[in-house]
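The structure under discussion appears below in the form of C-alpha cells.
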Amino acid sequence: MSNSMETLSFFENVNRNFDRASQFTSHPKGLLEQIKGCNSVYSFQFPVRTSKGFQVLHGWRVEHSYHKLPVKGGIRYADSVDEDEVKALAALMTYKCAVVDVPFGGAKGAIKVNPKEYEVTDIEVITRRYTAELIRKNYIGPGVDVPAPDYGSGPREMAWIADTYAAFNPGKIDALACVTGKPVAEGGVRGRTEATGRGIFFGLKEACGNAEDMRILGLTPGVSGKRVIVQGLGNVGYHAAKFCQEGGAVVVGLAEYEGAIYNPNGLDIDSVVKHRKETGSILKFPGAKDYPNTLESLELDCDILIPAALERQITEGNAPRIKAKIIAEGANGPTTADAEEILLKKGVMVIPDMYLNAGGVTVSYFEWLKNLSHVRFGRMDKRFEQSAFDKMLHALEQATGKTFSESERNQIAKGADEIDLVNSGLEETMTSAYNQIREIWKSDSRIPDLRTAAFISAINKVATAYIELGIFP
Ligand code: NAD
C-alpha cells in the first residue's frame, strides 16, 4: 500500500474510489470534478426545549448532485456524525441512485444527537424543528429534496417530517411526497421498511447464483447453505439476516454493539431478537458462544459477512484476519480503501454498498411515485388481472378437460397486490443492476472489483445526464 488510507476521511475514501474508477472513463476533468463535489452543503444549528432543558443542536443537509431532481437521501441521528460523513453519504447516494437507475440526485441529512438518550417527545420536537429549518432554506420538498430514514431514524420520524412539511404548506397536494419511509397509514408504501434487507438478499442471490464466480471463491452456487454473519441488528441487518435465513442460508453469527454471538449450527434470528428484548443483550443466547468484543465477530468463520451497522468497520487492522469469502456491504462505507486492497489480494469478493443497499432508495422511489399518483399500486389492475387469469384457466379447463382445484385456482389467478408489485420491482432492479456492474467488471481485466465497476457505471450515467443537459460538451 502506497499510503495509509486509515488516515483518509470517509468522504476522501469515497473520492479515492471515484478517482480510481474515473480512470476507466473518458470524461473531461471538469466534468468529473463537477460530479465528484457536493453541490450544496447546509450546516446549521437550531434551538430546542427537551426534557433535558434548553439545548442547541447541530444539523446538516448536503445536496451532492443536481444532475437529477429531486435529490434524495436519509437523515442520520447520531452523536458521532460530522460534516465529512454527511458529505460522503450524500455522494454515495448519487452513485447509488445512478447504479440502480433511480432518477434522483444524491443527498444526506444528519442531526448530531443520540436518540437513545432522549424521550420520544424530545425526538419529535427535534425532528419537527429540524424539518422547519430545512423548509426555511428550501432543502425539502417533493420536487426539491426528499429525505428518508437512516441510522437512528425510522418511519415514526418520517411521519413527523411529512406532517410538519404539510403544516407549513397547506393545500399542497403532493406534500406527502416530501419524504419517504413513512408508515403505510401515513402515505408509505408496503415493503419499504424491509426493502434494504430484502434488496441485500436479492443482490446476494444474484451474485451467488453465478457458478463461475462462486467456483473462483471456492463456493457452491446459491445462497442456500451459505454461512452468514451479520453485524448490526437494526433495520438493515435484521431484515438482511431474516431474508438470508428464509432463503436457506445459515446465520452463524450476529453482532450488536454490546457483543457478538456465534453458533456454527445456526442462530434463529427472531429468537435472538426476542432474547435481546427480554435480557437487554444479545449475549448469553442459548447454545451460542459469546464474544464481548463485538469487532471480533467480523473475523469469525463464515462464507458471507454482512456489515450492517456503521462505516469503517473493516479496516487495515482486521482485514487480514477476515475469513469470509464474500463481504456483502449492508451499511454505507463499512470497508476502508486500505482494507479493500487487502481483501482483494486475498481473493475476497466485496459486493459494494452503493449497489447492495440500494433496495431502500429503490422502494423509496416507488413510495414517491405512489404519493405523486395518489393511488395504491395494484388498485386499478388487480381485479382485472385476476379475472383475465380466471378466464384463461377456464379456457384451459375446457380445452384439456382438467379441472383446477380451488387452491390451484387461487394461486394461479391472483392479481398483484401493492406488496407483490413493490417486491417484484425491487427484485428486477437489484438483479438487472447486478448484471450491469458485473458486466463492466468482466469487460476489462484491469477493473479490479465490483466497487470500481459500480463507480464506473454511476459516473457514466451521471456524466450522460450532464451532457444531455447541455452543461458539458
Ligand atoms: P439502525 O439504526 O436501524 O441499525 C443499526 C444497528 O447497528 C443498531 O441496532 C445499532 O445498535 C447497531 N450497532 C451500532 N454500532 C455497532 C457496532 N459497533 N457493532 C455492532 N452493531 C452496532 O440503522 P440502519 O437503518 O439499519 O442503518 C445501518 C447502516 O445501513 C447505516 O450505514 C446506514 O447508512 C445504512 N443504510 C440504511 C438504509 C435504510 O433503509 N435504513 C439504506 C441504505 C443504507
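Residues in the C-alpha cells are named by chain (A, B, ... in the order shown) and by number from 1 within that chain; ligands are numbered from 1 in the order shown.
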
_Neighbouring residues of ligand 1 are defined here as those with any atom at most 8 Å from a ligand atom, counting only C-alpha atoms and all ligand atoms; list them as a count of residues only._
49

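The list of residues with at least one atom within 6 Å of stretch 372-386 of chain A, based on only C-alpha atoms and without residues fewer than 3 positions apart in the same chain, reads Asp174, Leu369, Phe389, Ala413, Lys414, Gly415, Ala416, Asp417 and Glu418 of chain A.
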
note - atom CA of A:Gly188 and atom CA of A:Glu367 are separated by 6.1 Å

Next on the checklist: Please list as a count of residues only every residue within 12 Å of stretch 182-186 of chain A, counting only C-alpha atoms and excluding residues in the same chain fewer than 3 positions away.
Outcome noted: 35

Strand (DSSP E or B) call set, DSSP backbone run, stretch 11-242 of chain A, as a compact mmCIF listing (two decimals) with all heavy atoms, in the first residue's frame:
```
# COMPACT_ATOMS: atom_id res chain seq x y z
N SER A 40 -24.13 21.47 -2.75
CA SER A 40 -24.57 22.41 -1.73
C SER A 40 -24.50 21.77 -0.35
O SER A 40 -24.91 20.63 -0.16
CB SER A 40 -26.02 22.82 -2.05
OG SER A 40 -26.46 23.73 -1.10
N VAL A 41 -23.96 22.51 0.62
CA VAL A 41 -23.83 21.99 1.99
C VAL A 41 -24.50 22.97 2.95
O VAL A 41 -24.09 24.12 3.05
CB VAL A 41 -22.34 21.82 2.38
CG1 VAL A 41 -22.22 21.27 3.81
CG2 VAL A 41 -21.62 20.92 1.39
N TYR A 42 -25.55 22.52 3.59
CA TYR A 42 -26.27 23.37 4.54
C TYR A 42 -25.96 22.85 5.94
O TYR A 42 -26.32 21.72 6.29
CB TYR A 42 -27.77 23.28 4.23
CG TYR A 42 -28.70 24.06 5.14
CD1 TYR A 42 -28.31 25.23 5.80
CD2 TYR A 42 -30.03 23.64 5.31
CE1 TYR A 42 -29.19 25.93 6.60
CE2 TYR A 42 -30.92 24.34 6.11
CZ TYR A 42 -30.49 25.48 6.75
OH TYR A 42 -31.37 26.16 7.56
N SER A 43 -25.24 23.66 6.70
CA SER A 43 -24.85 23.28 8.06
C SER A 43 -25.47 24.31 8.99
O SER A 43 -25.30 25.51 8.78
CB SER A 43 -23.32 23.31 8.13
OG SER A 43 -22.89 23.34 9.46
N PHE A 44 -26.20 23.85 9.98
CA PHE A 44 -26.94 24.82 10.79
C PHE A 44 -27.09 24.36 12.23
O PHE A 44 -26.93 23.18 12.53
CB PHE A 44 -28.32 25.08 10.17
CG PHE A 44 -29.15 23.82 9.93
CD1 PHE A 44 -30.11 23.41 10.84
CD2 PHE A 44 -28.95 23.05 8.79
CE1 PHE A 44 -30.87 22.24 10.62
CE2 PHE A 44 -29.69 21.90 8.57
CZ PHE A 44 -30.65 21.49 9.47
N GLN A 45 -27.42 25.32 13.09
CA GLN A 45 -27.74 24.94 14.46
C GLN A 45 -29.16 25.41 14.76
O GLN A 45 -29.65 26.35 14.13
CB GLN A 45 -26.74 25.54 15.43
CG GLN A 45 -26.67 27.05 15.42
CD GLN A 45 -25.70 27.54 16.48
OE1 GLN A 45 -24.59 27.04 16.60
NE2 GLN A 45 -26.13 28.52 17.27
N PHE A 46 -29.81 24.70 15.67
CA PHE A 46 -31.18 25.10 15.98
C PHE A 46 -31.47 24.82 17.46
O PHE A 46 -30.97 23.86 18.04
CB PHE A 46 -32.19 24.38 15.08
CG PHE A 46 -32.10 22.88 15.10
CD1 PHE A 46 -32.99 22.12 15.87
CD2 PHE A 46 -31.14 22.19 14.37
CE1 PHE A 46 -32.93 20.73 15.89
CE2 PHE A 46 -31.06 20.80 14.39
CZ PHE A 46 -31.96 20.07 15.14
N PRO A 47 -32.29 25.71 18.05
CA PRO A 47 -32.59 25.56 19.48
C PRO A 47 -33.80 24.66 19.70
O PRO A 47 -34.75 24.69 18.92
CB PRO A 47 -32.91 26.99 19.89
CG PRO A 47 -33.49 27.62 18.66
CD PRO A 47 -32.91 26.91 17.47
N VAL A 48 -33.75 23.84 20.74
CA VAL A 48 -34.91 23.03 21.11
C VAL A 48 -35.04 22.98 22.63
O VAL A 48 -34.04 23.06 23.35
CB VAL A 48 -34.82 21.57 20.61
CG1 VAL A 48 -35.27 21.42 19.19
CG2 VAL A 48 -33.46 20.97 20.82
N ARG A 49 -36.29 22.84 23.07
CA ARG A 49 -36.50 22.65 24.50
C ARG A 49 -36.91 21.19 24.69
O ARG A 49 -37.95 20.77 24.20
CB ARG A 49 -37.61 23.58 25.01
CG ARG A 49 -37.59 23.78 26.51
CD ARG A 49 -38.74 24.65 26.94
NE ARG A 49 -38.67 26.01 26.40
CZ ARG A 49 -38.01 27.01 26.96
NH1 ARG A 49 -37.35 26.81 28.06
NH2 ARG A 49 -38.02 28.21 26.41
N THR A 50 -36.05 20.40 25.34
CA THR A 50 -36.33 18.98 25.54
C THR A 50 -36.47 18.71 27.04
O THR A 50 -36.34 19.64 27.85
CB THR A 50 -35.18 18.11 25.00
OG1 THR A 50 -34.03 18.32 25.81
CG2 THR A 50 -34.86 18.42 23.56
N GLY A 53 -33.89 20.07 29.10
CA GLY A 53 -33.78 21.53 29.18
C GLY A 53 -33.53 22.13 27.81
O GLY A 53 -33.67 21.46 26.78
N PHE A 54 -33.12 23.39 27.80
CA PHE A 54 -32.90 24.11 26.55
C PHE A 54 -31.56 23.67 25.94
O PHE A 54 -30.55 23.61 26.62
CB PHE A 54 -32.88 25.61 26.85
CG PHE A 54 -32.63 26.45 25.64
CD1 PHE A 54 -33.65 26.70 24.74
CD2 PHE A 54 -31.38 26.96 25.39
CE1 PHE A 54 -33.43 27.47 23.61
CE2 PHE A 54 -31.14 27.73 24.26
CZ PHE A 54 -32.17 27.98 23.38
N GLN A 55 -31.57 23.32 24.66
CA GLN A 55 -30.35 22.85 24.00
C GLN A 55 -30.22 23.42 22.60
O GLN A 55 -31.22 23.73 21.96
CB GLN A 55 -30.38 21.33 23.87
CG GLN A 55 -30.18 20.60 25.18
CD GLN A 55 -30.01 19.11 24.94
OE1 GLN A 55 -30.89 18.50 24.35
NE2 GLN A 55 -28.91 18.55 25.39
N VAL A 56 -28.99 23.55 22.15
CA VAL A 56 -28.75 23.94 20.77
C VAL A 56 -28.13 22.72 20.06
O VAL A 56 -27.11 22.20 20.50
CB VAL A 56 -27.80 25.15 20.69
CG1 VAL A 56 -27.50 25.50 19.23
CG2 VAL A 56 -28.42 26.35 21.39
N LEU A 57 -28.78 22.26 19.00
CA LEU A 57 -28.30 21.07 18.28
C LEU A 57 -27.74 21.46 16.91
O LEU A 57 -28.10 22.51 16.37
CB LEU A 57 -29.44 20.06 18.10
CG LEU A 57 -30.01 19.48 19.39
CD1 LEU A 57 -31.14 18.52 19.07
CD2 LEU A 57 -28.94 18.76 20.21
N HIS A 58 -26.92 20.57 16.38
CA HIS A 58 -26.35 20.84 15.06
C HIS A 58 -26.99 19.92 14.01
O HIS A 58 -27.18 18.73 14.28
CB HIS A 58 -24.83 20.65 15.08
CG HIS A 58 -24.16 21.45 14.02
ND1 HIS A 58 -23.40 22.55 14.28
CD2 HIS A 58 -24.22 21.35 12.67
CE1 HIS A 58 -23.00 23.08 13.13
NE2 HIS A 58 -23.48 22.37 12.14
N GLY A 59 -27.32 20.47 12.87
CA GLY A 59 -27.90 19.67 11.79
C GLY A 59 -27.21 19.96 10.47
O GLY A 59 -26.53 20.99 10.31
N TRP A 60 -27.38 19.02 9.53
CA TRP A 60 -26.83 19.20 8.18
C TRP A 60 -27.85 18.68 7.15
O TRP A 60 -28.63 17.77 7.45
CB TRP A 60 -25.56 18.37 7.93
CG TRP A 60 -24.35 18.83 8.64
CD1 TRP A 60 -23.40 19.70 8.19
CD2 TRP A 60 -23.91 18.41 9.95
NE1 TRP A 60 -22.41 19.84 9.12
CE2 TRP A 60 -22.70 19.07 10.21
CE3 TRP A 60 -24.43 17.55 10.92
CZ2 TRP A 60 -22.00 18.89 11.40
CZ3 TRP A 60 -23.74 17.38 12.10
CH2 TRP A 60 -22.54 18.04 12.34
N ARG A 61 -27.79 19.27 5.97
CA ARG A 61 -28.38 18.65 4.80
C ARG A 61 -27.40 18.92 3.66
O ARG A 61 -27.10 20.10 3.36
CB ARG A 61 -29.77 19.24 4.49
CG ARG A 61 -30.50 18.49 3.37
CD ARG A 61 -30.99 17.11 3.79
NE ARG A 61 -31.55 16.36 2.66
CZ ARG A 61 -31.79 15.05 2.69
NH1 ARG A 61 -31.56 14.35 3.79
NH2 ARG A 61 -32.27 14.43 1.63
N VAL A 62 -26.89 17.86 3.09
CA VAL A 62 -25.94 18.00 2.00
C VAL A 62 -26.62 17.51 0.72
O VAL A 62 -27.13 16.38 0.68
CB VAL A 62 -24.65 17.19 2.26
CG1 VAL A 62 -23.75 17.20 1.02
CG2 VAL A 62 -23.90 17.75 3.45
N GLU A 63 -26.65 18.39 -0.29
CA GLU A 63 -27.20 18.00 -1.60
C GLU A 63 -26.00 17.81 -2.52
O GLU A 63 -25.34 18.79 -2.89
CB GLU A 63 -28.17 19.07 -2.09
CG GLU A 63 -29.38 19.16 -1.14
CD GLU A 63 -30.43 20.21 -1.50
OE1 GLU A 63 -30.10 21.15 -2.25
OE2 GLU A 63 -31.57 20.08 -1.03
N VAL A 71 -33.32 15.63 -5.21
CA VAL A 71 -32.24 14.85 -4.62
C VAL A 71 -32.83 14.03 -3.48
O VAL A 71 -33.92 14.33 -2.98
CB VAL A 71 -31.10 15.76 -4.11
CG1 VAL A 71 -30.39 16.40 -5.27
CG2 VAL A 71 -31.61 16.80 -3.12
N LYS A 72 -32.12 12.99 -3.11
CA LYS A 72 -32.73 12.04 -2.18
C LYS A 72 -31.67 11.45 -1.25
O LYS A 72 -30.56 11.14 -1.68
CB LYS A 72 -33.36 10.92 -3.02
CG LYS A 72 -34.06 9.85 -2.26
CD LYS A 72 -35.55 9.89 -2.52
CE LYS A 72 -36.36 9.08 -1.54
NZ LYS A 72 -36.22 9.49 -0.16
N GLY A 73 -32.04 11.25 0.01
CA GLY A 73 -31.10 10.61 0.94
C GLY A 73 -31.63 10.66 2.36
O GLY A 73 -32.42 11.54 2.72
N GLY A 74 -31.18 9.72 3.17
CA GLY A 74 -31.70 9.58 4.53
C GLY A 74 -31.22 10.65 5.48
O GLY A 74 -30.35 11.47 5.15
N ILE A 75 -31.81 10.61 6.68
CA ILE A 75 -31.37 11.51 7.76
C ILE A 75 -30.84 10.65 8.89
O ILE A 75 -31.54 9.77 9.41
CB ILE A 75 -32.53 12.40 8.28
CG1 ILE A 75 -33.14 13.19 7.13
CG2 ILE A 75 -32.02 13.34 9.37
CD1 ILE A 75 -34.35 14.01 7.53
N ARG A 76 -29.59 10.90 9.25
CA ARG A 76 -28.92 10.12 10.29
C ARG A 76 -29.04 10.85 11.62
O ARG A 76 -28.82 12.06 11.70
CB ARG A 76 -27.45 9.97 9.88
CG ARG A 76 -26.62 9.22 10.87
CD ARG A 76 -25.32 8.80 10.26
NE ARG A 76 -25.51 7.69 9.33
CZ ARG A 76 -24.54 6.89 8.91
NH1 ARG A 76 -23.31 7.10 9.32
NH2 ARG A 76 -24.79 5.89 8.09
N TYR A 77 -29.41 10.09 12.66
CA TYR A 77 -29.44 10.65 14.02
C TYR A 77 -28.30 9.96 14.78
O TYR A 77 -28.42 8.79 15.15
CB TYR A 77 -30.75 10.33 14.73
CG TYR A 77 -32.00 11.05 14.24
CD1 TYR A 77 -32.29 11.17 12.88
CD2 TYR A 77 -32.91 11.60 15.14
CE1 TYR A 77 -33.43 11.81 12.44
CE2 TYR A 77 -34.06 12.25 14.71
CZ TYR A 77 -34.31 12.35 13.35
OH TYR A 77 -35.45 12.97 12.92
N GLY A 105 -30.96 12.77 -7.71
CA GLY A 105 -29.60 13.12 -7.31
C GLY A 105 -29.40 12.66 -5.87
O GLY A 105 -30.36 12.26 -5.21
N GLY A 106 -28.18 12.74 -5.39
CA GLY A 106 -27.91 12.25 -4.03
C GLY A 106 -27.93 13.36 -3.00
O GLY A 106 -27.60 14.51 -3.29
N ALA A 107 -28.35 13.00 -1.78
CA ALA A 107 -28.34 13.95 -0.66
C ALA A 107 -28.21 13.16 0.64
O ALA A 107 -28.32 11.92 0.64
CB ALA A 107 -29.62 14.77 -0.65
N LYS A 108 -27.95 13.82 1.71
CA LYS A 108 -27.98 13.17 3.03
C LYS A 108 -28.17 14.25 4.08
O LYS A 108 -27.75 15.39 3.90
CB LYS A 108 -26.65 12.44 3.30
CG LYS A 108 -26.80 11.33 4.30
CD LYS A 108 -27.36 10.09 3.65
CE LYS A 108 -27.56 8.96 4.61
NZ LYS A 108 -27.94 7.72 3.90
N GLY A 109 -28.81 13.86 5.18
CA GLY A 109 -29.01 14.79 6.28
C GLY A 109 -28.55 14.16 7.57
O GLY A 109 -28.36 12.94 7.65
N ALA A 110 -28.37 15.00 8.58
CA ALA A 110 -27.98 14.44 9.87
C ALA A 110 -28.32 15.40 10.99
O ALA A 110 -28.38 16.63 10.79
CB ALA A 110 -26.49 14.15 9.90
N ILE A 111 -28.59 14.82 12.15
CA ILE A 111 -28.72 15.61 13.38
C ILE A 111 -27.73 15.00 14.37
O ILE A 111 -27.71 13.78 14.57
CB ILE A 111 -30.15 15.53 13.97
CG1 ILE A 111 -31.20 15.88 12.91
CG2 ILE A 111 -30.27 16.44 15.19
CD1 ILE A 111 -32.64 15.70 13.37
N GLY A 141 -38.78 19.07 -0.14
CA GLY A 141 -39.96 19.27 -0.99
C GLY A 141 -40.00 18.16 -2.03
O GLY A 141 -38.94 17.65 -2.42
N ASP A 145 -35.99 18.04 -2.66
CA ASP A 145 -35.11 17.21 -1.82
C ASP A 145 -36.02 16.35 -0.93
O ASP A 145 -36.87 16.89 -0.22
CB ASP A 145 -34.21 18.12 -0.99
CG ASP A 145 -33.16 17.35 -0.19
OD1 ASP A 145 -33.37 16.15 0.06
OD2 ASP A 145 -32.16 17.97 0.21
N VAL A 146 -35.86 15.05 -1.02
CA VAL A 146 -36.79 14.12 -0.37
C VAL A 146 -36.01 13.21 0.61
O VAL A 146 -35.39 12.25 0.19
CB VAL A 146 -37.53 13.25 -1.42
CG1 VAL A 146 -38.53 12.31 -0.77
CG2 VAL A 146 -38.22 14.14 -2.45
N PRO A 147 -36.05 13.52 1.91
CA PRO A 147 -35.33 12.68 2.88
C PRO A 147 -35.98 11.30 3.07
O PRO A 147 -37.05 11.00 2.52
CB PRO A 147 -35.41 13.48 4.19
CG PRO A 147 -35.81 14.86 3.81
CD PRO A 147 -36.61 14.72 2.54
N ALA A 148 -35.30 10.48 3.86
CA ALA A 148 -35.74 9.10 4.15
C ALA A 148 -35.07 8.69 5.47
O ALA A 148 -34.26 9.44 6.01
CB ALA A 148 -35.29 8.19 3.01
N PRO A 149 -35.37 7.49 5.97
CA PRO A 149 -34.70 7.07 7.22
C PRO A 149 -33.24 6.70 6.97
O PRO A 149 -32.86 6.34 5.87
CB PRO A 149 -35.47 5.82 7.64
CG PRO A 149 -36.65 5.73 6.75
CD PRO A 149 -36.36 6.52 5.53
N ARG A 227 -22.90 -19.91 5.07
CA ARG A 227 -22.85 -19.49 6.47
C ARG A 227 -22.65 -17.96 6.52
O ARG A 227 -21.71 -17.43 5.92
CB ARG A 227 -21.71 -20.20 7.19
CG ARG A 227 -21.91 -21.73 7.25
CD ARG A 227 -20.62 -22.43 7.56
NE ARG A 227 -19.55 -21.98 6.68
CZ ARG A 227 -18.30 -21.77 7.07
NH1 ARG A 227 -17.93 -22.00 8.30
NH2 ARG A 227 -17.39 -21.37 6.21
N VAL A 228 -23.57 -17.30 7.26
CA VAL A 228 -23.62 -15.83 7.22
C VAL A 228 -23.39 -15.24 8.61
O VAL A 228 -23.92 -15.75 9.60
CB VAL A 228 -25.01 -15.38 6.69
CG1 VAL A 228 -25.15 -13.87 6.70
CG2 VAL A 228 -25.27 -15.92 5.29
N ILE A 229 -22.62 -14.15 8.67
CA ILE A 229 -22.51 -13.36 9.91
C ILE A 229 -23.02 -11.95 9.60
O ILE A 229 -22.70 -11.37 8.55
CB ILE A 229 -21.05 -13.27 10.40
CG1 ILE A 229 -20.56 -14.65 10.86
CG2 ILE A 229 -20.91 -12.27 11.55
CD1 ILE A 229 -19.12 -14.70 11.35
N VAL A 230 -23.85 -11.41 10.52
CA VAL A 230 -24.39 -10.07 10.31
C VAL A 230 -23.98 -9.18 11.48
O VAL A 230 -24.19 -9.54 12.64
CB VAL A 230 -25.94 -10.11 10.20
CG1 VAL A 230 -26.48 -8.70 9.97
CG2 VAL A 230 -26.38 -11.03 9.06
N GLN A 231 -23.41 -8.02 11.16
CA GLN A 231 -23.07 -7.04 12.19
C GLN A 231 -24.12 -5.94 12.18
O GLN A 231 -24.33 -5.28 11.16
CB GLN A 231 -21.69 -6.42 11.90
CG GLN A 231 -21.26 -5.44 12.97
CD GLN A 231 -20.22 -4.44 12.49
OE1 GLN A 231 -20.24 -4.02 11.34
NE2 GLN A 231 -19.33 -4.05 13.37
```

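Between atom CA of A:Leu217 and atom CA of A:Tyr434 the interatomic distance comes to 17.7 Å.
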
field: Contacts of A:Thr336 at 12 Å (only C-alpha atoms; same-chain gap of 2+ positions) as a PyMOL selection string
entry: chain A and resi 4-17+310-319+329+332-334+338-343+350+352-353

Save the residues we just selected, N, CA, C and O atoms, as a CSV table (one decimal), in the first residue's frame?
```
chain,number,residue,atom,x,y,z
A,4,SER,N,-1.2,5.2,3.8
A,4,SER,CA,-2.2,4.6,4.7
A,4,SER,C,-3.6,5.3,4.5
A,4,SER,O,-3.8,6.5,4.8
A,5,MET,N,-4.5,4.5,4.1
A,5,MET,CA,-5.9,5.0,3.9
A,5,MET,C,-6.6,5.2,5.2
A,5,MET,O,-7.7,5.8,5.3
A,6,GLU,N,-6.1,4.6,6.3
A,6,GLU,CA,-6.8,4.7,7.6
A,6,GLU,C,-6.9,6.2,7.9
A,6,GLU,O,-7.8,6.6,8.7
A,7,THR,N,-5.9,7.0,7.4
A,7,THR,CA,-6.0,8.4,7.8
A,7,THR,C,-6.9,9.2,6.9
A,7,THR,O,-7.2,10.3,7.2
A,8,LEU,N,-7.4,8.6,5.8
A,8,LEU,CA,-8.3,9.3,4.9
A,8,LEU,C,-9.7,9.4,5.6
A,8,LEU,O,-10.1,8.4,6.3
A,9,SER,N,-10.3,10.5,5.4
A,9,SER,CA,-11.7,10.6,5.9
A,9,SER,C,-12.7,9.8,5.1
A,9,SER,O,-12.3,9.3,4.0
A,10,PHE,N,-13.9,9.6,5.6
A,10,PHE,CA,-14.9,8.8,4.9
A,10,PHE,C,-15.1,9.4,3.4
A,10,PHE,O,-15.1,8.7,2.4
A,11,PHE,N,-15.3,10.8,3.4
A,11,PHE,CA,-15.5,11.4,2.1
A,11,PHE,C,-14.3,11.2,1.2
A,11,PHE,O,-14.4,11.0,0.0
A,12,GLU,N,-13.1,11.3,1.7
A,12,GLU,CA,-11.9,11.1,0.9
A,12,GLU,C,-11.8,9.7,0.4
A,12,GLU,O,-11.4,9.4,-0.7
A,13,ASN,N,-12.3,8.7,1.3
A,13,ASN,CA,-12.3,7.3,0.8
A,13,ASN,C,-13.2,7.2,-0.4
A,13,ASN,O,-12.9,6.5,-1.3
A,14,VAL,N,-14.4,7.8,-0.3
A,14,VAL,CA,-15.4,7.7,-1.4
A,14,VAL,C,-14.7,8.3,-2.7
A,14,VAL,O,-14.8,7.7,-3.7
A,15,ASN,N,-14.1,9.5,-2.5
A,15,ASN,CA,-13.5,10.1,-3.6
A,15,ASN,C,-12.3,9.4,-4.2
A,15,ASN,O,-12.0,9.4,-5.4
A,16,ARG,N,-11.6,8.7,-3.3
A,16,ARG,CA,-10.5,7.8,-3.8
A,16,ARG,C,-11.1,6.7,-4.7
A,16,ARG,O,-10.5,6.4,-5.8
A,17,ASN,N,-12.2,6.1,-4.3
A,17,ASN,CA,-12.8,5.1,-5.1
A,17,ASN,C,-13.3,5.7,-6.5
A,17,ASN,O,-13.2,5.1,-7.5
A,310,LEU,N,-22.3,0.4,10.8
A,310,LEU,CA,-21.8,1.7,10.5
A,310,LEU,C,-20.6,1.7,9.6
A,310,LEU,O,-20.2,0.6,9.3
A,311,GLU,N,-20.1,2.8,9.2
A,311,GLU,CA,-19.0,2.8,8.3
A,311,GLU,C,-17.7,2.5,9.0
A,311,GLU,O,-17.6,2.5,10.2
A,312,ARG,N,-16.6,2.2,8.2
A,312,ARG,CA,-15.3,1.9,8.7
A,312,ARG,C,-15.1,0.8,9.8
A,312,ARG,O,-14.5,1.0,10.8
A,313,GLN,N,-15.8,-0.3,9.5
A,313,GLN,CA,-15.7,-1.4,10.4
A,313,GLN,C,-14.6,-2.4,10.0
A,313,GLN,O,-14.0,-3.0,10.8
A,314,ILE,N,-14.4,-2.6,8.7
A,314,ILE,CA,-13.4,-3.5,8.2
A,314,ILE,C,-12.2,-2.6,7.7
A,314,ILE,O,-12.3,-1.8,6.8
A,315,THR,N,-11.1,-2.7,8.5
A,315,THR,CA,-10.0,-1.8,8.3
A,315,THR,C,-8.8,-2.6,8.0
A,315,THR,O,-8.8,-3.8,8.0
A,316,GLU,N,-7.7,-1.8,7.8
A,316,GLU,CA,-6.4,-2.4,7.6
A,316,GLU,C,-6.0,-3.4,8.7
A,316,GLU,O,-5.4,-4.4,8.6
A,317,GLY,N,-6.5,-3.0,9.9
A,317,GLY,CA,-6.2,-3.7,11.1
A,317,GLY,C,-6.8,-5.1,11.1
A,317,GLY,O,-6.1,-6.1,11.5
A,318,ASN,N,-8.1,-5.3,10.8
A,318,ASN,CA,-8.7,-6.6,10.9
A,318,ASN,C,-8.9,-7.3,9.5
A,318,ASN,O,-9.1,-8.5,9.5
A,319,ALA,N,-8.7,-6.6,8.4
A,319,ALA,CA,-8.9,-7.3,7.1
A,319,ALA,C,-8.1,-8.5,6.9
A,319,ALA,O,-8.6,-9.5,6.4
A,329,GLU,N,-21.9,-5.6,1.6
A,329,GLU,CA,-21.9,-4.3,2.4
A,329,GLU,C,-23.4,-3.8,2.6
A,329,GLU,O,-23.9,-3.2,1.7
A,332,ASN,N,-23.4,1.7,4.9
A,332,ASN,CA,-22.6,2.5,3.9
A,332,ASN,C,-21.2,2.7,4.4
A,332,ASN,O,-21.0,3.0,5.6
A,333,GLY,N,-20.3,2.4,3.5
A,333,GLY,CA,-18.9,2.6,3.8
A,333,GLY,C,-18.3,1.8,4.9
A,333,GLY,O,-17.4,2.2,5.6
A,334,PRO,N,-18.6,0.5,5.0
A,334,PRO,CA,-18.1,-0.3,6.1
A,334,PRO,C,-16.6,-0.7,5.9
A,334,PRO,O,-16.0,-1.1,6.9
A,338,ASP,N,-8.0,0.9,2.3
A,338,ASP,CA,-6.9,0.0,2.6
A,338,ASP,C,-7.3,-1.4,2.8
A,338,ASP,O,-6.6,-2.4,2.3
A,339,ALA,N,-8.4,-1.6,3.6
A,339,ALA,CA,-8.9,-2.9,3.9
A,339,ALA,C,-9.3,-3.6,2.6
A,339,ALA,O,-9.0,-4.8,2.4
A,340,GLU,N,-9.9,-2.8,1.7
A,340,GLU,CA,-10.3,-3.4,0.4
A,340,GLU,C,-9.1,-4.0,-0.4
A,340,GLU,O,-9.2,-5.0,-1.0
A,341,GLU,N,-8.0,-3.3,-0.4
A,341,GLU,CA,-6.9,-3.8,-1.1
A,341,GLU,C,-6.4,-5.1,-0.5
A,341,GLU,O,-6.1,-6.0,-1.3
A,342,ILE,N,-6.4,-5.2,0.8
A,342,ILE,CA,-6.0,-6.5,1.4
A,342,ILE,C,-7.0,-7.6,1.0
A,342,ILE,O,-6.6,-8.7,0.7
A,343,LEU,N,-8.3,-7.3,1.1
A,343,LEU,CA,-9.3,-8.3,0.8
A,343,LEU,C,-9.2,-8.7,-0.6
A,343,LEU,O,-9.3,-9.9,-1.0
A,350,VAL,N,-16.1,-8.4,-2.7
A,350,VAL,CA,-16.8,-7.3,-1.9
A,350,VAL,C,-17.9,-6.9,-2.8
A,350,VAL,O,-17.7,-6.3,-3.9
A,352,PRO,N,-20.4,-4.1,-3.3
A,352,PRO,CA,-20.3,-2.8,-2.7
A,352,PRO,C,-21.7,-2.2,-2.2
A,352,PRO,O,-22.7,-2.4,-2.8
A,353,ASP,N,-21.6,-1.4,-1.1
A,353,ASP,CA,-22.7,-0.7,-0.5
A,353,ASP,C,-23.6,0.0,-1.6
A,353,ASP,O,-24.8,-0.1,-1.6
```

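Distances from A:Tyr355, A:Ile304, A:Glu119, A:Thr164 to A:Glu133 were compared using only C-alpha atoms, and the smallest one belongs to A:Thr164.
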
Going by DSSP on the backbone, which residues of stretch 357-465 of chain A come out as helix (DSSP H, G or I)? List them as a PyMOL selection string.
chain A and resi 359-373+382-400+406-412+418-443+450-465

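Comparing the minimum interatomic distances between A:Glu117 and each of A:Pro142, A:Ser22, A:Ile282, A:Ala78, counting only C-alpha atoms, we find that A:Ala78 sits nearest.
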